[in-house]
Amino acid sequence: MPQTTATHRKLILLALLFAAIVAGFSLYAPRFAQANIATSILQFSTLLALVSLGQGLVVLSGGAGIDLSVGGTVSLSAVLAMMAVRAGAPPALLPVLAIGCGLLLGLVNGVVVTRFGILPLIATLSTYFIYAGTAMALTNGAPIPGVPAWLLPFGRGTVGGIPVHFLTVVVPMFLLAAGLLAFTAWGRWVYALGFNERSARLVGIPVDRMRLLAYALAGALAGAAALVSLAWLGSARPNIGVNLELESLAAVLLGGIAITGGVGGVLGVLLAVVMIVTLKSGLQFVNVATIWQVGVVGLLLILSLLLDLLPARTRLR
Amino acid sequence: MPSAFRIVGQRELALLLLCLAAGVVFVALSPAYLSAGNVAAVLRNCVELMLVGLGITLLLAMGGIDVTVGLVLGLAAIAIGRLLLAGFDPWVAAAAGPLVGLAIGLITGAVVVFGRIPAIVATIGLLGVYRTAVFVALGGQWLSGLPPTLSAIFAGQIFGIVPVSYLVIGAIYAVAWAALRKTPFGLHLLAIGNNEERARLAGIAVKQVRLGVYAVSGALCGIAAIFYISTYRNVEMTVGSTLALDAIAAVVLGGTNILGGRASLLGTVFGVLLIRMLQNGFTLIGLPSLWQPVVTGALLIGALLIERGLGRDVLRRVTLRAA
């Protein structure tokens, strides 16, 4: 598996940081170290975990791959699926509608990036504003209620202290992705085209089709996140995806995936997601204003990239 | 008219025609569009974007990007406002704007350049940090009730007709044009945008130039903050939230290459004008303002798709002829 020593070092640092965060908050506020806080952290982790998995695949497959539209995709998928149901679509189709919307929005990103060759950061910056703006404008910023009652246990129930959606969606998805990346030709292709695009093209890997697939998957996963938000909150919130682009990038890079692609794995990303959510929950637990969370996650993102400087310098000396 | 094309450039001429076309369409839909008050409002709304857009033009031409510009304007505006409230001379308060902008630009530039982090990732991280900073600097409530002393200087007109803001903008664009076309700095900036590695091998001080451009862009946001405060006399929590999108869209419409290596200052001016004309026009014909970022985002990606489509066509024709 193409995991470099830099990745390993990052994962060890990540684990240490995680332990330090848990220890720090537990010492400061002993009530933090309770079992039900773990349930609540996992409950809050699902959205970010699904979005970060998609972001991870996009970044991993290289070509300056980045998806800034993930948050907008989550919001718009939730809003469109809910509007369709209220306009008369059968409520049983809500899961298909949410994931389908996400898939379509992701495909738009993928086509714009791979078929038209537009720089991913500009393409997805545009679609971020288009998706997030449409979600806000369609709803005037107000949530759309009316999620069918049969869906709510999926969003709110727990099994043995673990939220149902974390157990039935997040864990299988990450294991599946990790398995595919590690043991199949498809996975080796992803690493190959992130690691060296020219060679990947020369040996006949369908580079553009693979990247299109990565953006489409990122969209579908964002749609799945939208579905979880519907089942959890009981309504479609047009701002549910706010800051997910920042947080998912932070999770992906902290989790050991190289921003240039081709290096890293998804299980580190899951660990980073849980760590970020723990940090946010901890800050909330000790009554720090929520606006500090976005700044702290931003700093984490930058620090995780500054870490990359260290091995390069030691190698020079 | 080949000579006119050569002087203005086809892109800029096309944009000017688009602006005129948009004007004609909106006048037909809503006669109020051409009223003196509305024209003045559109020109007023262009002021900050002209300055911020100039910084983005330089950044994109160098192969960089900065999505924090709206928050830099916000932080500079808060600094100016706090000094005004504390009773400082308006000139001193105004000077704080570009200084704060310059300082933040240097921080952003240092993270990007010395951290060797892709500019988009670094500035998204800093976006979170600066957003927290804006909240903390505002203390959780709007900054309002500012004295009108600054407005008397910067929101006024000279000879009763030429806005002070446009004199400043004209002077700054003239300096930027000279720096870009007549000095080594401009040449180096474009060379870095073309190919950073080759620019470094050619002996250009790549790091200093890149850091300098981020600092200049920050200072321009700070100057824009002076006019922002003079006009609105308050700073709200969501200050500048779509300014980066507006600026990037205006600059890309104007023909500056997002991959670096080519800058068009005149294109940016017309791009800013077109975006603000469209936003104003859509509002006048009754489109809720929540749709504005959707329109701007579509404009940005539409411009790139057309450019790409045309580019591919031209390429195909040339290949056919060669074969």
# chains A, B, ... in the order shown; residues from 1 in each chain; ligands from 1

$ interface_residues --of "chain B" --to "chain A" --cutoff "9 Å" --atoms "only C-alpha atoms" --output "PyMOL selection string"
chain B and resi 111+115-118+120-133+135-136+242+245+248-249+258-259+288-301+304-305+308-309

$ write_last_selection --atoms "C-alpha atoms" --output "PDB file, in the first residue's frame"
ATOM      1  CA  VAL B 111       1.425  30.753   5.155  1.00  0.00           C
ATOM      2  CA  GLY B 115       4.353  26.884   4.371  1.00  0.00           C
ATOM      3  CA  ARG B 116       4.516  25.625   0.753  1.00  0.00           C
ATOM      4  CA  ILE B 117       0.768  25.021   0.889  1.00  0.00           C
ATOM      5  CA  PRO B 118      -1.468  25.203  -2.192  1.00  0.00           C
ATOM      6  CA  ILE B 120      -6.600  27.477  -2.204  1.00  0.00           C
ATOM      7  CA  VAL B 121      -6.177  25.081   0.747  1.00  0.00           C
ATOM      8  CA  ALA B 122      -4.244  27.607   2.831  1.00  0.00           C
ATOM      9  CA  THR B 123      -6.764  30.380   2.246  1.00  0.00           C
ATOM     10  CA  ILE B 124      -9.723  28.091   2.996  1.00  0.00           C
ATOM     11  CA  GLY B 125      -8.087  27.293   6.329  1.00  0.00           C
ATOM     12  CA  LEU B 126      -7.416  30.995   6.930  1.00  0.00           C
ATOM     13  CA  LEU B 127     -11.027  31.754   5.956  1.00  0.00           C
ATOM     14  CA  GLY B 128     -12.078  29.874   9.092  1.00  0.00           C
ATOM     15  CA  VAL B 129      -9.470  31.647  11.207  1.00  0.00           C
ATOM     16  CA  TYR B 130     -10.363  35.122   9.900  1.00  0.00           C
ATOM     17  CA  ARG B 131     -14.077  34.444  10.317  1.00  0.00           C
ATOM     18  CA  THR B 132     -13.476  33.770  14.003  1.00  0.00           C
ATOM     19  CA  ALA B 133     -11.300  36.904  14.108  1.00  0.00           C
ATOM     20  CA  PHE B 135     -16.518  37.701  15.236  1.00  0.00           C
ATOM     21  CA  VAL B 136     -14.110  38.357  18.079  1.00  0.00           C
ATOM     22  CA  THR B 242     -19.514  36.714  -1.343  1.00  0.00           C
ATOM     23  CA  LEU B 245     -16.671  34.963  -5.552  1.00  0.00           C
ATOM     24  CA  ILE B 248     -12.832  35.963  -8.961  1.00  0.00           C
ATOM     25  CA  ALA B 249     -15.788  35.942 -11.372  1.00  0.00           C
ATOM     26  CA  ILE B 258      -6.747  31.483 -13.780  1.00  0.00           C
ATOM     27  CA  LEU B 259      -3.683  29.342 -14.418  1.00  0.00           C
ATOM     28  CA  PRO B 288     -34.680  37.994  -4.711  1.00  0.00           C
ATOM     29  CA  SER B 289     -31.119  38.907  -3.720  1.00  0.00           C
ATOM     30  CA  LEU B 290     -30.585  35.367  -2.366  1.00  0.00           C
ATOM     31  CA  TRP B 291     -30.171  34.304  -6.020  1.00  0.00           C
ATOM     32  CA  GLN B 292     -27.189  36.657  -6.543  1.00  0.00           C
ATOM     33  CA  PRO B 293     -24.422  34.161  -5.686  1.00  0.00           C
ATOM     34  CA  VAL B 294     -26.133  31.615  -7.958  1.00  0.00           C
ATOM     35  CA  VAL B 295     -26.073  34.060 -10.869  1.00  0.00           C
ATOM     36  CA  THR B 296     -22.449  35.037 -10.211  1.00  0.00           C
ATOM     37  CA  GLY B 297     -21.349  31.408  -9.852  1.00  0.00           C
ATOM     38  CA  ALA B 298     -23.118  30.504 -13.101  1.00  0.00           C
ATOM     39  CA  LEU B 299     -21.487  33.485 -14.820  1.00  0.00           C
ATOM     40  CA  LEU B 300     -18.026  32.364 -13.657  1.00  0.00           C
ATOM     41  CA  ILE B 301     -18.397  28.759 -14.750  1.00  0.00           C
ATOM     42  CA  LEU B 304     -14.880  29.291 -18.422  1.00  0.00           C
ATOM     43  CA  LEU B 305     -16.984  26.737 -20.316  1.00  0.00           C
ATOM     44  CA  ARG B 308     -12.868  26.162 -23.148  1.00  0.00           C
ATOM     45  CA  GLY B 309     -15.372  25.328 -25.844  1.00  0.00           C
TER      46      GLY B 309
END

$ residues_around --residues "Val277 in chain A" --least-positions-apart "3" --cutoff "10 Å" --atoms "only C-alpha atoms" --output "list in words"
Ser40, Ile41, Leu42, Gln43, Phe44, Ser45, Thr46, Leu48, Ala49, Glu247, Ala251, Ala272, Val273, Val274, Lys280, Ser281, Gly282, Leu283, Gln293 and Val297 of chain A

$ residues_around --residues "Val269 in chain A" --least-positions-apart "3" --cutoff "12 Å" --atoms "only C-alpha atoms" --output "VMD selection string"
chain A and resid 7 10 to 11 14 to 15 45 48 to 57 59 to 60 170 174 to 175 177 to 178 247 to 258 264 to 266 272 to 276

$ residues_around --residues "Trp142 in chain B" --least-positions-apart "2" --cutoff "9 Å" --atoms "only C-alpha atoms" --output "mmCIF file with C-alpha atoms, in the first residue's frame"
data_model
loop_
_atom_site.group_PDB
_atom_site.id
_atom_site.type_symbol
_atom_site.label_atom_id
_atom_site.label_comp_id
_atom_site.auth_asym_id
_atom_site.auth_seq_id
_atom_site.Cartn_x
_atom_site.Cartn_y
_atom_site.Cartn_z
ATOM 1 C CA LEU B 138 -16.901 42.700 16.518
ATOM 2 C CA GLY B 139 -17.597 41.281 19.979
ATOM 3 C CA GLY B 140 -20.746 39.549 18.778
ATOM 4 C CA SER B 144 -22.576 50.839 13.999
ATOM 5 C CA ASN B 234 -21.412 50.072 9.916
ATOM 6 C CA VAL B 235 -19.866 46.601 9.786
ATOM 7 C CA GLU B 236 -22.138 43.589 9.990
ATOM 8 C CA MET B 237 -21.355 40.021 11.031
#

$ residues_around --residues "Tyr33 in chain B" --least-positions-apart "2" --cutoff "12 Å" --atoms "only C-alpha atoms" --output "PyMOL selection string"
chain B and resi 22-31+35-42+277-285

$ write_last_selection --atoms "C-alpha atoms" --output "PDB file, in the first residue's frame"
ATOM      1  CA  ALA B  22     -27.188  44.028 -20.474  1.00  0.00           C
ATOM      2  CA  GLY B  23     -27.943  47.733 -20.026  1.00  0.00           C
ATOM      3  CA  VAL B  24     -30.308  47.766 -23.038  1.00  0.00           C
ATOM      4  CA  VAL B  25     -32.132  44.617 -21.863  1.00  0.00           C
ATOM      5  CA  PHE B  26     -32.594  45.915 -18.318  1.00  0.00           C
ATOM      6  CA  VAL B  27     -33.757  49.345 -19.492  1.00  0.00           C
ATOM      7  CA  ALA B  28     -36.371  47.614 -21.646  1.00  0.00           C
ATOM      8  CA  LEU B  29     -37.507  45.529 -18.650  1.00  0.00           C
ATOM      9  CA  SER B  30     -37.364  48.303 -16.068  1.00  0.00           C
ATOM     10  CA  PRO B  31     -37.163  51.986 -17.121  1.00  0.00           C
ATOM     11  CA  SER B  35     -32.281  56.812 -13.830  1.00  0.00           C
ATOM     12  CA  ALA B  36     -29.432  58.971 -12.566  1.00  0.00           C
ATOM     13  CA  GLY B  37     -29.906  57.573  -9.070  1.00  0.00           C
ATOM     14  CA  ASN B  38     -29.614  53.965 -10.215  1.00  0.00           C
ATOM     15  CA  VAL B  39     -26.589  54.565 -12.433  1.00  0.00           C
ATOM     16  CA  ALA B  40     -24.891  56.278  -9.493  1.00  0.00           C
ATOM     17  CA  ALA B  41     -25.825  53.319  -7.255  1.00  0.00           C
ATOM     18  CA  VAL B  42     -24.307  50.801  -9.681  1.00  0.00           C
ATOM     19  CA  MET B 277     -24.874  45.796 -13.508  1.00  0.00           C
ATOM     20  CA  LEU B 278     -26.374  42.311 -13.637  1.00  0.00           C
ATOM     21  CA  GLN B 279     -26.854  42.096  -9.859  1.00  0.00           C
ATOM     22  CA  ASN B 280     -28.535  45.503  -9.832  1.00  0.00           C
ATOM     23  CA  GLY B 281     -30.662  44.698 -12.883  1.00  0.00           C
ATOM     24  CA  PHE B 282     -31.874  41.358 -11.537  1.00  0.00           C
ATOM     25  CA  THR B 283     -32.821  43.033  -8.265  1.00  0.00           C
ATOM     26  CA  LEU B 284     -34.740  45.742 -10.139  1.00  0.00           C
ATOM     27  CA  ILE B 285     -36.781  43.211 -12.109  1.00  0.00           C
TER      28      ILE B 285
END

$ select_by_dssp --residues "range 93-311 of chain A" --states "helix (DSSP H, G or I)" --output "VMD selection string"
chain A and resid 93 to 114 120 to 139 149 to 156 164 to 183 185 to 195 197 to 202 207 to 233 244 to 254 266 to 285 291 to 306 309 to 311

$ atom_distance --atom1 "CA of Gly254 in chain B" --atom2 "CA of Ala174 in chain B"
17.2 Å

$ select_by_dssp --residues "range 131-201 of chain B" --states "strand (DSSP E or B)" --output "PyMOL selection string"
chain B and resi 143+157-158+162-163

$ write_last_selection --atoms "C-alpha atoms" --output "PDB file, in the first residue's frame"
ATOM      1  CA  LEU B 143     -20.293  47.870  14.584  1.00  0.00           C
ATOM      2  CA  GLN B 157     -17.347  64.276  -5.036  1.00  0.00           C
ATOM      3  CA  ILE B 158     -14.770  66.629  -6.440  1.00  0.00           C
ATOM      4  CA  VAL B 162     -16.290  63.114  -9.907  1.00  0.00           C
ATOM      5  CA  PRO B 163     -16.461  60.728  -6.931  1.00  0.00           C
TER       6      PRO B 163
END

$ closest_atom_pairs --of "range 9-95 of chain A" --to "range 142-154 of chain A" --cutoff "12 Å" --atoms "only C-alpha atoms" --output "CSV"
residue,atom,partner,partner_atom,distance
A:Gln43,CA,A:Phe154,CA,11.2
A:Ser75,CA,A:Pro143,CA,10.5
A:Leu76,CA,A:Pro143,CA,11.8
A:Ala78,CA,A:Ile144,CA,9.3
A:Val79,CA,A:Ile144,CA,7.3
A:Leu80,CA,A:Ile144,CA,10.0
A:Ala81,CA,A:Val147,CA,10.2
A:Met82,CA,A:Ile144,CA,7.1
A:Met83,CA,A:Ile144,CA,7.7
A:Ala84,CA,A:Ile144,CA,11.2
A:Val85,CA,A:Val147,CA,8.8
A:Arg86,CA,A:Gly146,CA,7.8
A:Ala87,CA,A:Gly146,CA,11.6
A:Pro90,CA,A:Pro148,CA,10.5
A:Pro91,CA,A:Pro148,CA,6.8
A:Ala92,CA,A:Pro148,CA,8.6
A:Leu93,CA,A:Pro148,CA,10.9
A:Leu94,CA,A:Val147,CA,8.7
A:Pro95,CA,A:Leu151,CA,9.2

$ write_last_selection --atoms "C-alpha atoms" --output "PDB file, in the first residue's frame"
ATOM      1  CA  GLN A  43     -24.009  11.131  16.034  1.00  0.00           C
ATOM      2  CA  SER A  75     -27.778  21.327   1.502  1.00  0.00           C
ATOM      3  CA  LEU A  76     -29.233  21.271  -2.003  1.00  0.00           C
ATOM      4  CA  ALA A  78     -31.673  17.650   1.246  1.00  0.00           C
ATOM      5  CA  VAL A  79     -33.775  20.601   0.043  1.00  0.00           C
ATOM      6  CA  LEU A  80     -34.544  19.171  -3.426  1.00  0.00           C
ATOM      7  CA  ALA A  81     -35.427  15.698  -2.107  1.00  0.00           C
ATOM      8  CA  MET A  82     -37.747  17.179   0.497  1.00  0.00           C
ATOM      9  CA  MET A  83     -39.357  19.558  -2.017  1.00  0.00           C
ATOM     10  CA  ALA A  84     -39.972  16.634  -4.386  1.00  0.00           C
ATOM     11  CA  VAL A  85     -41.725  14.670  -1.638  1.00  0.00           C
ATOM     12  CA  ARG A  86     -43.859  17.666  -0.682  1.00  0.00           C
ATOM     13  CA  ALA A  87     -44.719  18.166  -4.357  1.00  0.00           C
ATOM     14  CA  PRO A  90     -43.819   9.004  -2.972  1.00  0.00           C
ATOM     15  CA  PRO A  91     -42.142   9.468   0.458  1.00  0.00           C
ATOM     16  CA  ALA A  92     -40.686   5.975   0.162  1.00  0.00           C
ATOM     17  CA  LEU A  93     -38.395   7.387  -2.536  1.00  0.00           C
ATOM     18  CA  LEU A  94     -36.825   9.974  -0.202  1.00  0.00           C
ATOM     19  CA  PRO A  95     -33.547   8.016   0.221  1.00  0.00           C
TER      20      PRO A  95
END

$ closest_residue --among "B:Tyr166, B:Phe185, B:Phe227, B:Tyr214" --to "Leu43 in chain B" --atoms "only C-alpha atoms"
B:Tyr166

$ residues_around --residues "Tyr28 in chain A" --least-positions-apart "4" --cutoff "12 Å" --atoms "only C-alpha atoms" --output "JSON, numbers by chain"
{"A": [20, 21, 22, 23, 24, 32, 33, 282, 283, 285, 286, 287]}

$ write_last_selection --atoms "N, CA and C atoms" --output "PDB file, in the first residue's frame"
ATOM      1  N   ALA A  20      -4.606  13.537  23.389  1.00  0.00           N
ATOM      2  CA  ALA A  20      -4.384  14.767  24.150  1.00  0.00           C
ATOM      3  C   ALA A  20      -5.675  15.565  24.284  1.00  0.00           C
ATOM      4  N   ILE A  21      -6.461  15.617  23.186  1.00  0.00           N
ATOM      5  CA  ILE A  21      -7.722  16.370  23.221  1.00  0.00           C
ATOM      6  C   ILE A  21      -8.670  15.751  24.237  1.00  0.00           C
ATOM      7  N   VAL A  22      -8.829  14.404  24.158  1.00  0.00           N
ATOM      8  CA  VAL A  22      -9.735  13.719  25.085  1.00  0.00           C
ATOM      9  C   VAL A  22      -9.259  13.925  26.522  1.00  0.00           C
ATOM     10  N   ALA A  23      -7.948  13.722  26.747  1.00  0.00           N
ATOM     11  CA  ALA A  23      -7.402  13.861  28.098  1.00  0.00           C
ATOM     12  C   ALA A  23      -7.582  15.287  28.605  1.00  0.00           C
ATOM     13  N   GLY A  24      -7.274  16.256  27.740  1.00  0.00           N
ATOM     14  CA  GLY A  24      -7.363  17.650  28.131  1.00  0.00           C
ATOM     15  C   GLY A  24      -8.764  18.035  28.567  1.00  0.00           C
ATOM     16  N   PHE A  32     -16.961  15.321  30.960  1.00  0.00           N
ATOM     17  CA  PHE A  32     -16.776  15.085  29.527  1.00  0.00           C
ATOM     18  C   PHE A  32     -16.506  13.609  29.241  1.00  0.00           C
ATOM     19  N   ALA A  33     -15.811  12.933  30.173  1.00  0.00           N
ATOM     20  CA  ALA A  33     -15.427  11.537  29.952  1.00  0.00           C
ATOM     21  C   ALA A  33     -16.553  10.586  30.317  1.00  0.00           C
ATOM     22  N   GLY A 282     -15.981  19.154  22.489  1.00  0.00           N
ATOM     23  CA  GLY A 282     -15.307  19.554  23.720  1.00  0.00           C
ATOM     24  C   GLY A 282     -15.371  21.047  23.926  1.00  0.00           C
ATOM     25  N   LEU A 283     -15.101  21.814  22.842  1.00  0.00           N
ATOM     26  CA  LEU A 283     -15.160  23.270  22.946  1.00  0.00           C
ATOM     27  C   LEU A 283     -16.558  23.710  23.360  1.00  0.00           C
ATOM     28  N   PHE A 285     -18.652  21.865  25.007  1.00  0.00           N
ATOM     29  CA  PHE A 285     -18.875  21.362  26.358  1.00  0.00           C
ATOM     30  C   PHE A 285     -18.343  22.345  27.410  1.00  0.00           C
ATOM     31  N   VAL A 286     -17.212  22.976  27.100  1.00  0.00           N
ATOM     32  CA  VAL A 286     -16.655  23.928  28.063  1.00  0.00           C
ATOM     33  C   VAL A 286     -17.091  25.354  27.742  1.00  0.00           C
ATOM     34  N   ASN A 287     -18.182  25.473  26.967  1.00  0.00           N
ATOM     35  CA  ASN A 287     -18.840  26.764  26.733  1.00  0.00           C
ATOM     36  C   ASN A 287     -18.007  27.799  25.987  1.00  0.00           C
TER      37      ASN A 287
END
